[in-house]
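Enquirer: Quick one, coords.cif (mmCIF, C-alpha atoms):
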data_protein
loop_
_atom_site.group_PDB
_atom_site.id
_atom_site.type_symbol
_atom_site.label_atom_id
_atom_site.label_comp_id
_atom_site.auth_asym_id
_atom_site.auth_seq_id
_atom_site.Cartn_x
_atom_site.Cartn_y
_atom_site.Cartn_z
ATOM 1 C CA MET A 1 40.905 9.898 -38.771
ATOM 2 C CA LYS A 2 37.411 11.151 -39.375
ATOM 3 C CA ILE A 3 34.218 10.111 -37.602
ATOM 4 C CA ASN A 4 30.751 10.781 -38.967
ATOM 5 C CA PHE A 5 28.698 11.478 -35.842
ATOM 6 C CA LYS A 6 25.590 11.788 -38.035
ATOM 7 C CA LYS A 7 25.871 8.098 -38.967
ATOM 8 C CA ILE A 8 27.050 5.984 -36.058
ATOM 9 C CA GLU A 9 26.160 2.359 -36.698
ATOM 10 C CA ALA A 10 25.675 0.294 -33.552
ATOM 11 C CA GLN A 11 24.545 -3.249 -32.842
ATOM 12 C CA THR A 12 21.244 -3.180 -30.975
ATOM 13 C CA SER A 13 20.474 -6.857 -30.353
ATOM 14 C CA PHE A 14 22.119 -10.190 -29.655
ATOM 15 C CA GLU A 15 20.885 -11.334 -33.073
ATOM 16 C CA GLY A 16 23.149 -8.751 -34.690
ATOM 17 C CA ALA A 17 20.558 -6.139 -35.672
ATOM 18 C CA LYS A 18 22.124 -2.750 -36.268
ATOM 19 C CA GLN A 19 20.781 0.791 -36.287
ATOM 20 C CA THR A 20 22.271 4.052 -37.437
ATOM 21 C CA PHE A 21 22.214 6.917 -34.961
ATOM 22 C CA ASP A 22 22.724 10.669 -35.398
ATOM 23 C CA VAL A 23 24.631 11.676 -32.264
ATOM 24 C CA ALA A 24 26.323 14.847 -33.533
ATOM 25 C CA GLU A 25 24.257 17.271 -31.460
ATOM 26 C CA THR A 26 24.358 15.104 -28.345
ATOM 27 C CA VAL A 27 28.129 14.591 -28.470
ATOM 28 C CA GLY A 28 28.771 18.266 -29.244
ATOM 29 C CA ASN A 29 26.594 19.394 -26.340
ATOM 30 C CA GLU A 30 28.086 16.838 -23.953
ATOM 31 C CA MET A 31 31.594 18.011 -24.850
ATOM 32 C CA MET A 32 30.740 21.664 -24.358
ATOM 33 C CA TYR A 33 28.246 21.723 -21.494
ATOM 34 C CA ASN A 34 27.850 18.407 -19.676
ATOM 35 C CA GLY A 35 31.290 16.864 -19.681
ATOM 36 C CA SER A 36 33.679 17.134 -16.795
ATOM 37 C CA ILE A 37 36.514 17.748 -19.226
ATOM 38 C CA LEU A 38 37.771 21.303 -19.434
ATOM 39 C CA LEU A 39 40.550 21.539 -21.923
ATOM 40 C CA ASP A 40 41.120 24.411 -24.246
ATOM 41 C CA ILE A 41 39.568 26.437 -27.013
ATOM 42 C CA GLY A 42 40.487 23.699 -29.501
ATOM 43 C CA PHE A 43 38.292 21.181 -27.676
ATOM 44 C CA GLU A 44 35.430 23.684 -27.651
ATOM 45 C CA ASP A 45 35.948 24.301 -31.369
ATOM 46 C CA LEU A 46 35.843 20.548 -31.972
ATOM 47 C CA ALA A 47 32.596 20.325 -29.978
ATOM 48 C CA ARG A 48 31.084 23.045 -32.156
ATOM 49 C CA GLU A 49 32.334 21.365 -35.341
ATOM 50 C CA ILE A 50 30.805 18.029 -34.307
ATOM 51 C CA TYR A 51 27.510 19.646 -33.273
ATOM 52 C CA TYR A 52 27.043 21.430 -36.614
ATOM 53 C CA SER A 53 28.594 18.707 -38.797
ATOM 54 C CA LYS A 54 26.934 17.415 -41.928
ATOM 55 C CA ASP A 55 29.616 14.810 -42.678
ATOM 56 C CA ALA A 56 32.624 13.207 -41.012
ATOM 57 C CA VAL A 57 34.763 15.322 -38.685
ATOM 58 C CA GLU A 58 38.532 15.058 -38.333
ATOM 59 C CA ILE A 59 39.341 14.136 -34.724
ATOM 60 C CA PRO A 60 42.795 15.347 -33.673
ATOM 61 C CA GLU A 61 44.751 12.642 -31.873
ATOM 62 C CA GLN A 62 45.351 14.859 -28.831
ATOM 63 C CA TYR A 63 41.580 14.989 -28.126
ATOM 64 C CA CYS A 64 40.762 11.283 -28.520
ATOM 65 C CA LYS A 65 41.113 10.339 -24.834
ATOM 66 C CA ALA A 66 39.190 13.412 -23.635
ATOM 67 C CA LEU A 67 36.417 12.744 -26.141
ATOM 68 C CA GLU A 68 36.313 9.097 -25.049
ATOM 69 C CA LEU A 69 35.776 10.202 -21.424
ATOM 70 C CA VAL A 70 32.956 12.535 -22.476
ATOM 71 C CA VAL A 71 31.272 9.751 -24.458
ATOM 72 C CA LYS A 72 31.646 7.255 -21.592
ATOM 73 C CA ASN A 73 29.930 9.693 -19.219
ATOM 74 C CA SER A 74 27.263 10.790 -21.699
ATOM 75 C CA ARG A 75 23.584 9.899 -21.801
ATOM 76 C CA LEU A 76 23.996 7.908 -25.010
ATOM 77 C CA ILE A 77 22.940 4.259 -24.978
ATOM 78 C CA ALA A 78 25.703 1.735 -24.321
ATOM 79 C CA SER A 79 25.863 0.316 -27.856
ATOM 80 C CA VAL A 80 26.348 3.803 -29.320
ATOM 81 C CA LYS A 81 29.029 4.619 -26.738
ATOM 82 C CA ARG A 82 30.834 1.407 -27.724
ATOM 83 C CA ALA A 83 30.628 2.249 -31.429
ATOM 84 C CA VAL A 84 32.048 5.763 -30.965
ATOM 85 C CA ILE A 85 34.781 4.597 -28.591
ATOM 86 C CA ASN A 86 35.775 1.803 -30.997
ATOM 87 C CA GLN A 87 36.195 4.394 -33.752
ATOM 88 C CA LEU A 88 38.250 6.628 -31.450
ATOM 89 C CA ASN A 89 40.488 3.691 -30.572
ATOM 90 C CA VAL A 90 41.213 3.188 -34.268
ATOM 91 C CA ILE A 91 42.543 6.753 -34.264
ATOM 92 C CA GLN A 92 44.647 6.244 -31.139
ATOM 93 C CA PRO A 93 44.958 2.620 -29.955
ATOM 94 C CA SER A 94 44.950 2.071 -26.191
#
What's the structure tokens form of this structure?
Expert:
Amino acid sequence: MKINFKKIEAQTSFEGAKQTFDVAETVGNEMMYNGSILLDIGFEDLAREIYYSKDAVEIPEQYCKALELVVKNSRLIASVKRAVINQLNVIQPS
């Protein structure tokens, strides 16, 4: 499944207001430099692809859980973390 990190829609209020966030650079940097996940060159390539993406990026199933851990530990706001993790769980249900 593909995720467009340039257009993550997240609920930002109890009334249901939503905003669209561009988190491509943040997620790419977190994966590469701030995460505690050290995997392999493929994960680093995925980080680079997300960082420089213009559209949706194909997320390989084998990296979903690692990417979820990076997002959970990132500096993103909670509603954005939830939105990304929900999309990752569509790729690979818990």
Enquirer: In terms of the shortest atom-to-atom distance over all atoms listed in the file, which of A:Leu67, A:Ala24, A:Ile3, A:Ala83 is closest to A:Ser53?
Expert: A:Ala24
Enquirer: Closest to A:Asp40 among A:Gln11, A:Asn4, A:Ala56, A:Tyr63, using all atoms listed in the file?
Expert: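 Distance minimum relative to A:Asp40 lands on A:Tyr63.
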Enquirer: Kindly indicate which residue among A:Ile85, A:Val57, A:Ile41, A:Lys7 lies nearest to A:Val71, using all atoms listed in the file for the distances.
Expert: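 Checking each of A:Ile85, A:Val57, A:Ile41, A:Lys7 against A:Val71, counting all atoms listed in the file, the winner is A:Ile85.
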Enquirer: Pick from A:Phe5, A:Lys72, A:Lys81, A:Leu88: nearest to A:Pro60, with all atoms listed in the file counted?
Expert: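 Nearest to A:Pro60: A:Leu88.
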Enquirer: Report the distance between atom CA of A:Met1 and atom CA of A:Val90 in Å, rounded to one decimal place.
Expert: 8.1 Å
Enquirer: With 10 Å as the threshold, what does the neighbourhood of (40.0, 8.5, -25.7) contain in terms of residues, counting only C-alpha atoms? Coordinates are those of the file; answer as a list in words.
Expert: Glu61, Gln62, Tyr63, Cys64, Lys65, Ala66, Leu67, Glu68, Leu69, Val70, Val71, Lys72, Val84, Ile85, Asn86, Gln87, Leu88, Asn89, Ile91, Gln92, Pro93 and Ser94 of chain A
